Structures are given as C-alpha cells and as structure tokens.
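With compact mmCIF, C-alpha atoms inside, this is my_file-v7.txt:
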```txt
# COMPACT_ATOMS: atom_id res chain seq x y z
CA MET A 264 -162.73 46.94 -112.43
CA ARG A 265 -163.89 44.15 -110.08
CA LYS A 266 -160.30 42.99 -109.56
CA ALA A 267 -159.18 46.55 -108.78
CA ASN A 268 -162.05 46.88 -106.31
CA ALA A 269 -161.01 43.60 -104.67
CA VAL A 270 -157.41 44.79 -104.29
CA ILE A 271 -158.61 48.12 -102.85
CA SER A 272 -160.96 46.23 -100.48
CA HIS A 273 -158.05 44.14 -99.28
CA CYS A 274 -155.94 47.25 -98.64
CA ILE A 275 -158.82 48.91 -96.80
CA LEU A 276 -159.28 45.83 -94.63
CA VAL A 277 -155.59 45.70 -93.68
CA LEU A 278 -155.48 49.44 -92.92
CA PHE A 279 -158.75 49.21 -91.00
CA LEU A 280 -157.48 46.40 -88.79
CA ILE A 281 -154.25 48.31 -88.05
CA HIS A 282 -156.20 51.54 -87.38
CA GLY A 283 -158.75 49.71 -85.25
CA VAL A 284 -156.27 47.83 -83.09
CA LEU A 285 -154.01 50.85 -82.54
CA GLY A 286 -157.07 53.03 -81.90
CA ALA A 287 -158.39 50.48 -79.41
CA PHE A 288 -155.09 50.59 -77.51
CA ASN A 289 -155.25 54.39 -77.52
CA LEU A 290 -158.84 54.43 -76.24
CA MET A 291 -158.03 51.93 -73.50
CA GLY A 292 -155.09 54.06 -72.37
CA VAL A 293 -152.52 51.40 -73.25
CA GLY A 294 -150.77 53.30 -76.02
CA SER A 295 -150.58 56.62 -77.74
CA VAL A 296 -149.90 55.95 -81.40
CA THR A 297 -151.21 58.49 -83.89
CA THR A 298 -153.19 56.75 -86.63
CA ARG A 299 -154.08 59.88 -88.59
CA VAL A 300 -152.04 58.99 -91.70
CA ILE A 301 -153.50 55.48 -91.78
CA ALA A 302 -157.01 56.86 -91.25
CA TRP A 303 -156.87 59.43 -94.04
CA THR A 304 -155.23 56.95 -96.43
CA MET A 305 -158.08 54.60 -95.65
CA VAL A 306 -160.65 57.36 -96.26
CA GLY A 307 -159.16 57.94 -99.71
CA LEU A 308 -159.28 54.23 -100.53
CA ILE A 309 -162.84 54.03 -99.20
CA ALA A 310 -163.82 56.87 -101.53
CA VAL A 311 -162.40 54.97 -104.52
CA HIS A 312 -164.07 51.75 -103.29
CA THR A 313 -167.38 53.61 -103.02
CA VAL A 314 -167.12 54.97 -106.55
CA LEU A 315 -166.21 51.56 -107.97
CA GLY A 316 -168.98 49.89 -105.96
CA THR A 317 -171.49 52.45 -107.23
CA VAL A 318 -170.42 51.87 -110.85
CA LEU A 319 -170.63 48.09 -110.41
CA THR A 320 -174.06 48.42 -108.78
CA ALA A 321 -175.26 50.60 -111.66
CA GLN A 322 -174.04 47.94 -114.10
CA THR A 323 -175.96 45.31 -112.14
CA LEU A 324 -179.12 47.42 -112.26
CA GLN A 325 -178.71 47.85 -116.03
CA ALA A 326 -178.27 44.09 -116.45
CA GLN A 327 -181.41 43.47 -114.40
CA LYS A 328 -183.33 45.96 -116.53
CA ARG A 329 -182.18 44.24 -119.74
CA ALA A 330 -183.13 40.85 -118.30
CA GLY A 331 -186.55 42.15 -117.32
CA THR A 332 -186.38 40.80 -113.80
CA ALA A 333 -184.40 41.68 -110.68
CA TYR A 334 -184.62 38.50 -108.59
CA TRP A 335 -184.79 40.60 -105.40
CA LYS A 336 -185.27 37.59 -103.14
CA GLU A 337 -182.26 35.75 -104.58
CA ASN A 338 -180.10 38.89 -104.40
CA ARG A 339 -180.87 39.89 -100.79
CA LEU A 340 -177.27 39.43 -99.68
CA PHE A 341 -176.02 41.56 -102.58
CA TRP A 342 -178.35 44.41 -101.59
CA ALA A 343 -177.60 43.95 -97.88
CA ARG A 344 -173.92 44.42 -98.68
CA ARG A 345 -174.66 47.60 -100.64
CA LEU A 346 -176.89 48.94 -97.84
CA SER A 347 -174.29 48.14 -95.17
CA GLY A 348 -171.69 49.99 -97.24
CA PHE A 349 -173.93 53.06 -97.33
CA VAL A 350 -174.55 52.83 -93.58
CA ILE A 351 -170.80 52.60 -93.02
CA MET A 352 -170.26 55.78 -95.05
CA VAL A 353 -172.72 57.67 -92.83
CA LEU A 354 -171.23 56.26 -89.63
CA ILE A 355 -167.68 57.07 -90.77
CA CYS A 356 -168.77 60.72 -90.81
CA PHE A 357 -169.85 60.38 -87.16
CA HIS A 358 -166.54 58.66 -86.37
CA ILE A 359 -164.51 61.45 -87.97
CA LEU A 360 -166.55 64.08 -86.13
CA ALA A 361 -166.21 62.24 -82.82
CA PHE A 362 -162.44 61.91 -83.04
CA SER A 363 -161.33 64.90 -85.06
CA GLY A 364 -160.94 66.99 -81.90
CA VAL A 365 -158.21 64.67 -80.61
CA SER A 366 -154.78 66.24 -80.43
CA ALA A 367 -151.62 64.28 -81.11
CA ALA A 368 -150.62 64.50 -77.45
CA HIS A 369 -153.93 63.58 -75.76
CA TYR A 370 -156.63 61.08 -76.63
CA ARG A 371 -159.28 62.81 -74.55
CA LEU A 372 -162.26 64.43 -76.18
CA PRO A 373 -164.19 67.38 -74.82
CA GLN A 374 -167.31 65.22 -74.89
CA PHE A 375 -167.90 61.52 -75.53
CA ASP A 376 -171.53 60.96 -74.71
CA VAL A 377 -174.00 58.11 -75.17
CA PHE A 378 -174.86 59.22 -78.72
CA GLN A 379 -171.21 59.05 -79.77
CA LEU A 380 -170.81 55.66 -78.10
CA ILE A 381 -173.88 54.31 -79.91
CA THR A 382 -172.70 55.59 -83.29
CA GLN A 383 -169.28 54.01 -82.77
CA ILE A 384 -170.77 50.65 -81.75
CA LEU A 385 -173.09 50.81 -84.78
CA LEU A 386 -170.05 51.52 -86.96
CA VAL A 387 -168.31 48.41 -85.64
CA LEU A 388 -171.46 46.32 -86.23
CA ALA A 389 -171.96 47.65 -89.76
CA ILE A 390 -168.31 47.00 -90.61
CA ALA A 391 -168.60 43.51 -89.09
CA PHE A 392 -171.57 42.69 -91.31
CA HIS A 393 -170.02 44.25 -94.41
CA VAL A 394 -166.62 42.63 -94.01
CA ILE A 395 -167.81 39.21 -92.88
CA THR A 396 -170.33 38.90 -95.73
CA ASN A 397 -167.68 39.97 -98.25
CA VAL A 398 -164.79 37.73 -97.10
CA LYS A 399 -165.79 34.83 -99.35
CA PRO A 400 -166.27 36.95 -102.53
CA MET A 401 -162.96 38.70 -101.85
CA LEU A 402 -161.11 35.39 -101.54
CA ILE A 403 -162.81 34.12 -104.71
CA SER A 404 -161.72 37.25 -106.59
CA PHE A 405 -158.11 36.46 -105.67
CA GLY A 406 -158.48 32.87 -106.88
CA ILE A 407 -158.02 31.32 -103.44
CA LYS A 408 -158.69 27.59 -103.42
CA ARG A 409 -160.21 25.70 -100.48
CA LEU A 410 -162.32 28.59 -99.24
CA LYS A 411 -164.02 27.07 -96.21
CA PRO A 412 -161.04 26.85 -93.82
CA ARG A 413 -159.73 30.26 -94.86
CA VAL A 414 -163.12 31.96 -94.63
CA ASN A 415 -163.75 30.51 -91.17
CA ASP A 416 -160.31 31.59 -89.92
CA LEU A 417 -160.64 35.10 -91.35
CA VAL A 418 -164.16 35.56 -89.99
CA PHE A 419 -163.05 34.40 -86.54
CA TRP A 420 -160.05 36.74 -86.33
CA ILE A 421 -161.84 39.71 -87.85
CA ALA A 422 -164.77 39.21 -85.46
CA ALA A 423 -162.36 38.96 -82.51
CA LEU A 424 -160.61 42.20 -83.49
CA LEU A 425 -163.95 43.96 -84.03
CA LEU A 426 -165.02 42.83 -80.56
CA VAL A 427 -161.83 44.34 -79.12
CA MET A 428 -162.65 47.60 -80.92
CA ALA A 429 -166.22 47.66 -79.57
CA ILE A 430 -164.95 46.96 -76.05
CA ALA A 431 -162.42 49.78 -76.43
CA PHE A 432 -165.21 52.25 -77.28
CA ILE A 433 -167.18 51.09 -74.24
CA LEU A 434 -164.15 51.30 -71.94
CA TYR A 435 -163.31 54.75 -73.29
CA TYR A 436 -166.87 55.88 -72.56
CA VAL A 437 -166.68 54.45 -69.01
CA ARG A 438 -163.27 56.02 -68.42
CA TRP A 439 -164.50 59.36 -69.75
CA ARG A 440 -167.54 59.24 -67.45
CA ALA A 441 -165.43 58.34 -64.41
CA VAL A 442 -163.29 61.46 -64.65
```
Could you spell out this file's structure in structure tokens?
Amino acid sequence: MRKANAVISHCILVLFLIHGVLGAFNLMGVGSVTTRVIAWTMVGLIAVHTVLGTVLTAQTLQAQKRAGTAYWKENRLFWARRLSGFVIMVLICFHILAFSGVSAAHYRLPQFDVFQLITQILLVLAIAFHVITNVKPMLISFGIKRLKPRVNDLVFWIAALLLVMAIAFILYYVRWRAV
C-alpha cells in the first residue's frame, strides 16, 4: 500500500507541476491552455492518495496504541505532513471554487478579490511544505541511492516552480484590479 501511495504521489506531483506551470502562464496572460482534464485527473488521484494516507495514518495510530507510547516529539514531521495534507484538501476546495467559473475561451473571473488571492497563496505554501518535506521519503520508497544531491535538486526546482505559481496569482490579482 505504501508503494502504491508513493507511485500515486509521484503522478500527482508531475500532474501538479504541469497544471501549475500551464495555469501560471494562463494567469499571466502568456497562454491559454485548458488544464481541466489534468486538474480533474489530479483531483481523482488526490482522493485516492487521501484515502491511502488516512489508512496508513490509522495503522500508525494503532501501532502507537499497541506500543503504549506515541513519541509525539519525535514524530512532529510525520504529523506536520498529515496536517499540511489536510490543509491542502481544504484549500483545493477554495481553488476549485475560485477557478470553476472560468470558461474555456477566457481566463477572467467575475471576481478575484484579496480573499481569493490569500487562499491561493496559502495553497501554494501548503503544497510547498507538503511536497518539500515528502521528497526524501518518496525517493527512498523508489529505492533511489545517493539521496542528498537528488533531494537538493528536486527541492530547488519544485520551489522555483512554486514561486512562479505564487507570482502568477499575484500578477493575476494585479491585472484583474487594473481593469
């Protein structure tokens, strides 16, 4: 089950980066590629990832109960990852609501206010935390050797792409306000 979750996580990450970069170009007015199929495929994979993550978390809680101790301090990163995943689920709902009014021909919403901008920036930050803290475990699950150079490279490029996405939301907000 952990291996399947790792494969699904990898697929989600690839689809997310494609969706995010194409969406950033759309929001900046550089392109007009519809990412709806990618987005809904990703939502389906995220749903499966959430179910698997919930089952694995329940198994962890059962193991802690059997052991008689939870080691909360030692497992802070584990719980931070679970919490960030939950926060992402909530913020994805805001993202879908913010961009579901977009037609295929025009990437202009009836309203993109400060609240929507904040929720989208928070989504990028939550995804950044969740993905960056899970890069090393994902590589380990695939049996990758020599983790340090690969982890550093992946974290750098993922962070750079997430920054582009955050900037695109800000530019879209500024462009929307200017009109």
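Nearest residue to Val350 in chain A, choosing from A:Thr396, A:Ala389, A:Ala326, A:Gln379 and counting all atoms listed in the file: A:Ala389.
In this model, the gap between CA of Ser272 in chain A and CA of Phe392 in chain A comes to 14.5 Å.
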query = Residues at most 12 Å from Asn415 in chain A, counting only C-alpha atoms, excluding those fewer than 3 positions away in the same chain, as an MDAnalysis selection string?
reply = chainID A and resid 395:396 398:399 402 409:412 418:422
query = How many Å separate CA of Thr313 in chain A from CA of Leu278 in chain A?
reply =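 So the two atoms, CA of Thr313 in chain A and CA of Leu278 in chain A, lie 16.2 Å apart.
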task = Work out how far CA of Gln325 in chain A is from CA of Leu276 in chain A, in Å to one decimal.
result = 29.0 Å
ask   = Within 12 Å of range 283-296 of chain A, counting all atoms listed in the file, which residues qualify if same-chain residues fewer than 5 places away don't, as a PyMOL selection string?
value = chain A and resi 275-278+301-302+305+358+362+365-372+375+383+386-387+390+421+423-439
note = Judged by all atoms listed in the file, the minimum distance to Thr304 in chain A among A:Ser363, A:Phe279, A:Thr317, A:Gly348 is found for A:Phe279
